[in-house]
>>> print(open('work25.txt').read())   # compact mmCIF, C-alpha atoms and all ligand atoms
# COMPACT_ATOMS: atom_id res chain seq x y z
CA MET A 1 -3.87 -13.88 7.84
CA LYS A 2 -4.88 -10.28 7.35
CA PRO A 3 -5.59 -10.45 3.61
CA LEU A 4 -7.67 -13.55 4.32
CA LEU A 5 -9.54 -11.81 7.08
CA CYS A 6 -10.11 -8.95 4.70
CA ALA A 7 -11.49 -11.28 2.08
CA ILE A 8 -13.85 -12.82 4.59
CA LEU A 9 -14.99 -9.45 5.84
CA LEU A 10 -15.52 -7.86 2.51
CA GLY A 11 -16.34 -10.78 0.25
CA THR A 12 -14.71 -10.48 -3.13
CA THR A 13 -14.98 -12.25 -6.43
CA LEU A 14 -12.16 -13.59 -8.55
CA LEU A 15 -11.85 -12.23 -12.03
CA SER A 16 -10.39 -14.22 -14.90
CA SER A 17 -8.37 -12.75 -17.79
CA PRO A 18 -5.12 -11.83 -16.07
CA VAL A 19 -3.52 -8.55 -17.08
CA ARG A 20 0.06 -8.71 -15.97
CA ALA A 21 2.53 -5.90 -16.34
CA GLU A 22 6.00 -7.20 -15.69
CA MET A 23 8.74 -4.63 -15.80
CA PRO A 24 12.34 -4.35 -14.67
CA MET A 25 13.07 -3.24 -11.14
CA PRO A 26 13.46 0.54 -11.02
CA ASP A 27 16.68 2.10 -9.79
CA THR A 28 14.84 3.95 -7.07
CA THR A 29 11.39 3.80 -5.58
CA GLU A 30 11.50 7.33 -4.23
CA VAL A 31 9.10 9.61 -6.09
CA GLN A 32 8.54 13.33 -5.58
CA ILE A 33 5.24 15.03 -6.40
CA GLU A 34 4.67 18.61 -5.26
CA ASP A 35 5.42 18.59 -1.51
CA LEU A 36 5.15 14.82 -1.16
CA THR A 37 7.94 12.26 -1.17
CA ILE A 38 6.78 8.69 -1.67
CA SER A 39 9.15 5.83 -0.92
CA GLY A 40 9.37 2.15 -0.06
CA ALA A 41 6.35 1.12 -2.12
CA PHE A 42 5.78 -2.62 -2.23
CA MET A 43 3.13 -5.30 -2.31
CA ARG A 44 3.25 -8.66 -0.63
CA ALA A 45 3.23 -11.78 -2.77
CA THR A 46 -0.04 -13.71 -2.56
CA LEU A 47 -1.00 -17.36 -2.49
CA PRO A 48 -2.73 -18.82 -5.57
CA ARG A 49 -6.34 -17.67 -5.88
CA ALA A 50 -6.06 -15.17 -3.04
CA PRO A 51 -8.69 -12.55 -3.87
CA VAL A 52 -6.89 -9.62 -2.24
CA GLY A 53 -3.36 -8.29 -1.85
CA GLY A 54 -1.73 -5.74 0.44
CA GLY A 55 0.16 -2.63 -0.67
CA TYR A 56 2.45 -0.51 1.50
CA LEU A 57 4.38 2.73 1.16
CA THR A 58 5.66 5.78 3.02
CA ILE A 59 4.36 9.26 2.24
CA ALA A 60 6.18 12.30 3.63
CA ASN A 61 4.55 15.74 3.36
CA HIS A 62 7.30 18.40 3.38
CA GLY A 63 4.90 21.25 2.69
CA SER A 64 2.75 23.49 4.83
CA THR A 65 -0.56 22.27 3.36
CA ASP A 66 -2.39 19.18 4.58
CA ASP A 67 -2.96 16.67 1.82
CA ARG A 68 -5.04 13.54 1.52
CA LEU A 69 -4.69 10.27 -0.36
CA LEU A 70 -8.14 10.05 -1.91
CA SER A 71 -7.99 6.88 -3.98
CA VAL A 72 -5.69 4.39 -5.67
CA GLN A 73 -5.86 2.43 -8.89
CA ALA A 74 -4.05 -0.82 -9.67
CA PRO A 75 -3.83 -2.63 -13.03
CA ILE A 76 -4.24 -6.01 -11.34
CA GLY A 77 -7.28 -5.39 -9.16
CA SER A 78 -10.90 -4.43 -9.61
CA ASP A 79 -10.60 -1.84 -6.87
CA VAL A 80 -8.14 -0.56 -4.28
CA GLN A 81 -9.30 0.36 -0.80
CA ILE A 82 -7.41 2.28 1.85
CA HIS A 83 -7.75 0.35 5.11
CA GLU A 84 -6.97 1.21 8.68
CA MET A 85 -6.67 -1.22 11.55
CA ALA A 86 -8.99 -0.84 14.49
CA HIS A 87 -9.62 -2.64 17.77
CA GLU A 88 -13.19 -3.86 18.01
CA ASP A 89 -14.14 -5.88 21.09
CA GLY A 90 -10.49 -6.77 21.56
CA VAL A 91 -10.11 -8.04 18.01
CA MET A 92 -8.02 -6.30 15.36
CA THR A 93 -10.09 -5.68 12.27
CA MET A 94 -9.57 -3.61 9.16
CA ARG A 95 -11.97 -1.09 7.78
CA PRO A 96 -11.98 1.15 4.71
CA LEU A 97 -11.34 4.88 4.93
CA PRO A 98 -14.00 6.16 2.50
CA GLU A 99 -12.82 9.75 2.85
CA GLY A 100 -9.23 8.85 2.18
CA LEU A 101 -6.07 8.99 4.27
CA PRO A 102 -4.95 12.38 5.68
CA ILE A 103 -1.30 13.30 5.00
CA PRO A 104 -0.83 16.23 7.41
CA ALA A 105 1.65 19.00 6.63
CA GLY A 106 5.12 18.26 7.94
CA GLN A 107 4.33 14.65 8.77
CA THR A 108 5.24 11.23 7.43
CA VAL A 109 2.53 8.61 7.08
CA VAL A 110 3.63 4.99 6.91
CA LEU A 111 1.41 2.31 5.40
CA GLU A 112 2.75 -1.03 6.61
CA PRO A 113 1.77 -4.58 7.44
CA SER A 114 -0.37 -4.63 10.60
CA GLY A 115 -1.09 -0.92 10.12
CA THR A 116 -2.84 1.26 7.60
CA HIS A 117 -2.49 -0.35 4.16
CA LEU A 118 -3.77 -0.48 0.62
CA MET A 119 -5.99 -3.46 -0.08
CA ILE A 120 -6.07 -4.49 -3.71
CA MET A 121 -9.48 -6.10 -4.19
CA GLY A 122 -10.50 -8.57 -6.89
CA LEU A 123 -6.94 -9.63 -7.78
CA GLN A 124 -6.86 -10.78 -11.38
CA ASP A 125 -3.72 -12.82 -10.90
CA ARG A 126 -1.41 -14.07 -8.22
CA LEU A 127 1.16 -11.51 -7.07
CA GLN A 128 4.54 -13.20 -7.42
CA GLU A 129 7.75 -12.10 -5.77
CA GLY A 130 10.00 -10.26 -8.22
CA GLU A 131 7.16 -8.71 -10.21
CA SER A 132 6.38 -5.02 -10.17
CA TYR A 133 3.12 -3.23 -10.89
CA GLU A 134 2.39 0.43 -11.43
CA LEU A 135 -0.23 1.86 -9.11
CA THR A 136 -1.70 5.34 -9.45
CA LEU A 137 -2.26 7.42 -6.33
CA HIS A 138 -4.72 10.32 -6.36
CA PHE A 139 -3.95 13.09 -3.88
CA GLU A 140 -6.29 15.95 -3.07
CA HIS A 141 -3.64 18.65 -3.57
CA ALA A 142 -0.56 17.02 -5.10
CA GLY A 143 -2.61 15.39 -7.85
CA ASP A 144 -1.96 12.03 -9.49
CA VAL A 145 1.24 10.04 -9.43
CA THR A 146 1.97 6.60 -10.86
CA LEU A 147 4.80 4.59 -9.36
CA PRO A 148 6.02 0.99 -9.29
CA PHE A 149 5.18 -1.30 -6.39
CA ASP A 150 7.66 -4.18 -6.26
CA VAL A 151 6.20 -7.50 -5.18
CA LEU A 152 8.21 -8.79 -2.21
CA ALA A 153 7.96 -11.98 -0.17
CA LEU A 154 4.67 -13.13 1.33
CA ASN A 155 5.82 -12.01 4.78
CA ALA A 156 7.85 -8.92 3.81
CA ARG A 157 7.61 -6.15 6.37
CA SER A 158 9.22 -3.29 4.48
CA HIS A 159 11.09 -2.35 1.34
CA SER A 160 14.00 -1.49 3.61
CA GLY A 161 16.70 -2.02 1.02
CA LYS A 162 15.54 1.01 -0.92
CA MET A 163 14.51 3.34 1.87
CA ALA A 164 16.32 6.31 3.31
CA PRO A 165 17.96 5.48 6.66
CA HIS A 166 15.68 7.72 8.69
CA MET A 167 12.62 6.09 7.13
CA HIS A 168 13.89 2.68 8.09
CA GLU A 169 14.40 3.80 11.66
CA HIS A 170 10.89 5.14 11.78
CA MET A 171 9.40 1.91 10.46
CA THR A 172 11.40 -0.21 12.88
CA ALA A 173 10.14 1.92 15.73
CA LYS A 174 6.57 1.49 14.54
CA VAL A 175 6.91 -2.25 14.22
CA GLN A 176 8.08 -2.56 17.81
CA GLU A 177 5.08 -0.74 19.24
CU CU A 201 -7.36 -4.60 4.37
>>> encode(input="work25.txt", output="structure tokens")
Amino acid sequence: MKPLLCAILLGTTLLSSPVRAEMPMPDTTEVQIEDLTISGAFMRATLPRAPVGGGYLTIANHGSTDDRLLSVQAPIGSDVQIHEMAHEDGVMTMRPLPEGLPIPAGQTVVLEPSGTHLMIMGLQDRLQEGESYELTLHFEHAGDVTLPFDVLALNARSHSGKMAPHMHEHMTAKVQE
């Protein structure tokens, strides 16, 4: 529903020539870069010919300096946008954050279905459950980090199996809002 809405709103084209990077599931999806801990990264599987896919992760900033997720690159899309959800005339819509996503000092930012998310535009191939793709995140202060995003079920809500218990609690709380 939301990826479709996104496609309608933003209008994307399908590219041919699939470039697929299949790799074994990593032992852990928790990655540390400078003061940031990144965990629970996943994408949702897509239907055939879906032009966009959703990516989700949790970013904790343990430092005393605000950071910002400036941009993201994916090997399977023409572009990755950082989207936030907003109410407009009583309808939930998504819109890009052109200045990036703030990761305030001492806070944890959760990108999740129905919330802020990564939108992989111009998907070159269907995202199939069980695959994993490496996405590169560019942070203003922490720099660049490349980490695997496992492709989970079409309706997956979190990568809970690999998340720290307190993260899972946090996400559950958010989902119930
Ligand atoms: Cu979106």
>>> residues_around(input="work25.txt", residues="Glu30 in chain A", least_positions_apart="3", cutoff="8 Å", atoms="only C-alpha atoms", output="PDB file with C-alpha atoms, keeping the file's coordinate frame")
ATOM      1  CA  THR A  37       7.940  12.260  -1.170  1.00  0.00           C
ATOM      2  CA  ILE A  38       6.780   8.690  -1.670  1.00  0.00           C
ATOM      3  CA  SER A  39       9.150   5.830  -0.920  1.00  0.00           C
ATOM      4  CA  GLY A  40       9.370   2.150  -0.060  1.00  0.00           C
ATOM      5  CA  MET A 163      14.510   3.340   1.870  1.00  0.00           C
TER       6      MET A 163
END
>>> closest_residue(input="work25.txt", among="A:Ser64, A:Gln81, A:Thr58, A:Gln73", to="ligand CU 201 (chain A)", atoms="only C-alpha atoms and all ligand atoms")
A:Gln81
>>> axis_aligned_box(input="work25.txt", around="range 72-88 of chain A", padding_each_side="8 Å", output="JSON")
{"center_x": -8.5, "center_y": -0.8, "center_z": 2.5, "size_x": 25.4, "size_y": 26.4, "size_z": 47.0}
>>> residues_around(input="work25.txt", residues="Tyr56 in chain A", least_positions_apart="2", cutoff="9 Å", atoms="only C-alpha atoms", output="list in words")
Gly40, Ala41, Phe42, Met43, Arg44, Gly54, Thr58, Val110, Leu111, Glu112, Pro113, Thr116, His117, Leu118, Phe149, Ser158 and His159 of chain A
>>> atom_distance(input="work25.txt", atom1="CA of Val80 in chain A", atom2="CA of Leu152 in chain A")
18.4 Å
>>> atom_distance(input="work25.txt", atom1="CA of Gln32 in chain A", atom2="CA of Gly143 in chain A")
11.6 Å
>>> residues_around(input="work25.txt", residues="Gly53 in chain A", least_positions_apart="2", cutoff="8 Å", atoms="all atoms listed in the file", output="ChimeraX atom specification")
/A:3,43-46,50-51,55,119-121,123,127
>>> closest_residue(input="work25.txt", among="A:Met94, A:Leu57, A:Leu135, A:Leu101", to="ligand CU 201 (chain A)", atoms="all atoms listed in the file")
A:Met94
>>> atom_distance(input="work25.txt", atom1="CA of Asn155 in chain A", atom2="CA of Gly90 in chain A")
24.0 Å
>>> closest_residue(input="work25.txt", among="A:Ile82, A:Ala105, A:Val31, A:Leu147", to="ligand CU 201 (chain A)", atoms="only C-alpha atoms and all ligand atoms")
A:Ile82
>>> closest_residue(input="work25.txt", among="A:Leu69, A:Val151, A:Ala86, A:Ala74", to="ligand CU 201 (chain A)", atoms="only C-alpha atoms and all ligand atoms")
A:Ala86
>>> build_atoms(input="work25.txt", residues="range 55-90 of chain A", atoms="N, CA and C atoms", output="compact mmCIF listing (two decimals), in the coordinates of the input")
# COMPACT_ATOMS: atom_id res chain seq x y z
N GLY A 55 -0.84 -3.56 -0.16
CA GLY A 55 0.16 -2.63 -0.67
C GLY A 55 0.58 -1.66 0.43
N TYR A 56 1.88 -1.30 0.41
CA TYR A 56 2.45 -0.51 1.50
C TYR A 56 3.40 0.53 0.93
N LEU A 57 3.48 1.67 1.60
CA LEU A 57 4.38 2.73 1.16
C LEU A 57 4.50 3.78 2.25
N THR A 58 5.45 4.69 2.08
CA THR A 58 5.66 5.78 3.02
C THR A 58 5.45 7.09 2.28
N ILE A 59 4.64 7.98 2.86
CA ILE A 59 4.36 9.26 2.24
C ILE A 59 4.75 10.37 3.21
N ALA A 60 5.74 11.18 2.81
CA ALA A 60 6.18 12.30 3.63
C ALA A 60 5.67 13.60 3.01
N ASN A 61 5.05 14.44 3.82
CA ASN A 61 4.55 15.74 3.36
C ASN A 61 5.48 16.83 3.88
N HIS A 62 6.31 17.38 2.98
CA HIS A 62 7.30 18.40 3.38
C HIS A 62 6.72 19.81 3.32
N GLY A 63 5.49 19.93 2.89
CA GLY A 63 4.90 21.25 2.69
C GLY A 63 4.19 21.77 3.93
N SER A 64 3.49 22.88 3.73
CA SER A 64 2.75 23.49 4.83
C SER A 64 1.24 23.33 4.63
N THR A 65 0.86 22.51 3.64
CA THR A 65 -0.56 22.27 3.36
C THR A 65 -0.89 20.81 3.62
N ASP A 66 -1.94 20.56 4.38
CA ASP A 66 -2.39 19.18 4.58
C ASP A 66 -2.82 18.60 3.23
N ASP A 67 -2.51 17.34 3.04
CA ASP A 67 -2.96 16.67 1.82
C ASP A 67 -3.73 15.42 2.23
N ARG A 68 -4.21 14.70 1.24
CA ARG A 68 -5.04 13.54 1.52
C ARG A 68 -4.92 12.57 0.35
N LEU A 69 -4.66 11.31 0.67
CA LEU A 69 -4.69 10.27 -0.36
C LEU A 69 -6.15 9.87 -0.55
N LEU A 70 -6.70 10.24 -1.70
CA LEU A 70 -8.14 10.05 -1.91
C LEU A 70 -8.47 8.66 -2.44
N SER A 71 -7.70 8.19 -3.40
CA SER A 71 -7.99 6.88 -3.98
C SER A 71 -6.76 6.35 -4.69
N VAL A 72 -6.81 5.08 -5.03
CA VAL A 72 -5.69 4.39 -5.67
C VAL A 72 -6.24 3.47 -6.74
N GLN A 73 -5.49 3.38 -7.84
CA GLN A 73 -5.86 2.43 -8.89
C GLN A 73 -4.72 1.47 -9.15
N ALA A 74 -5.05 0.20 -9.37
CA ALA A 74 -4.05 -0.82 -9.67
C ALA A 74 -4.46 -1.57 -10.93
N PRO A 75 -3.48 -1.92 -11.79
CA PRO A 75 -3.83 -2.63 -13.03
C PRO A 75 -4.22 -4.07 -12.79
N ILE A 76 -4.01 -4.58 -11.58
CA ILE A 76 -4.24 -6.01 -11.34
C ILE A 76 -5.41 -6.25 -10.39
N GLY A 77 -6.15 -5.20 -10.06
CA GLY A 77 -7.28 -5.39 -9.16
C GLY A 77 -8.50 -4.67 -9.68
N SER A 78 -9.66 -5.09 -9.20
CA SER A 78 -10.90 -4.43 -9.61
C SER A 78 -11.06 -3.11 -8.87
N ASP A 79 -10.40 -2.99 -7.73
CA ASP A 79 -10.60 -1.84 -6.87
C ASP A 79 -9.47 -1.83 -5.84
N VAL A 80 -9.11 -0.64 -5.37
CA VAL A 80 -8.14 -0.56 -4.28
C VAL A 80 -8.79 0.22 -3.15
N GLN A 81 -8.76 -0.34 -1.96
CA GLN A 81 -9.30 0.36 -0.80
C GLN A 81 -8.16 0.76 0.13
N ILE A 82 -8.36 1.85 0.84
CA ILE A 82 -7.41 2.28 1.85
C ILE A 82 -7.98 1.83 3.19
N HIS A 83 -7.24 0.94 3.87
CA HIS A 83 -7.75 0.35 5.11
C HIS A 83 -6.96 0.81 6.31
N GLU A 84 -7.65 1.00 7.41
CA GLU A 84 -6.97 1.21 8.68
C GLU A 84 -7.31 0.04 9.59
N MET A 85 -6.44 -0.16 10.58
CA MET A 85 -6.67 -1.22 11.55
C MET A 85 -7.37 -0.60 12.76
N ALA A 86 -8.28 -1.35 13.33
CA ALA A 86 -8.99 -0.84 14.49
C ALA A 86 -9.27 -1.99 15.46
N HIS A 87 -9.25 -1.66 16.75
CA HIS A 87 -9.62 -2.64 17.77
C HIS A 87 -11.13 -2.62 17.94
N GLU A 88 -11.76 -3.77 17.76
CA GLU A 88 -13.19 -3.86 18.01
C GLU A 88 -13.44 -5.06 18.88
N ASP A 89 -13.91 -4.81 20.10
CA ASP A 89 -14.14 -5.88 21.09
C ASP A 89 -12.89 -6.73 21.25
N GLY A 90 -11.74 -6.07 21.32
CA GLY A 90 -10.49 -6.77 21.56
C GLY A 90 -9.94 -7.51 20.36
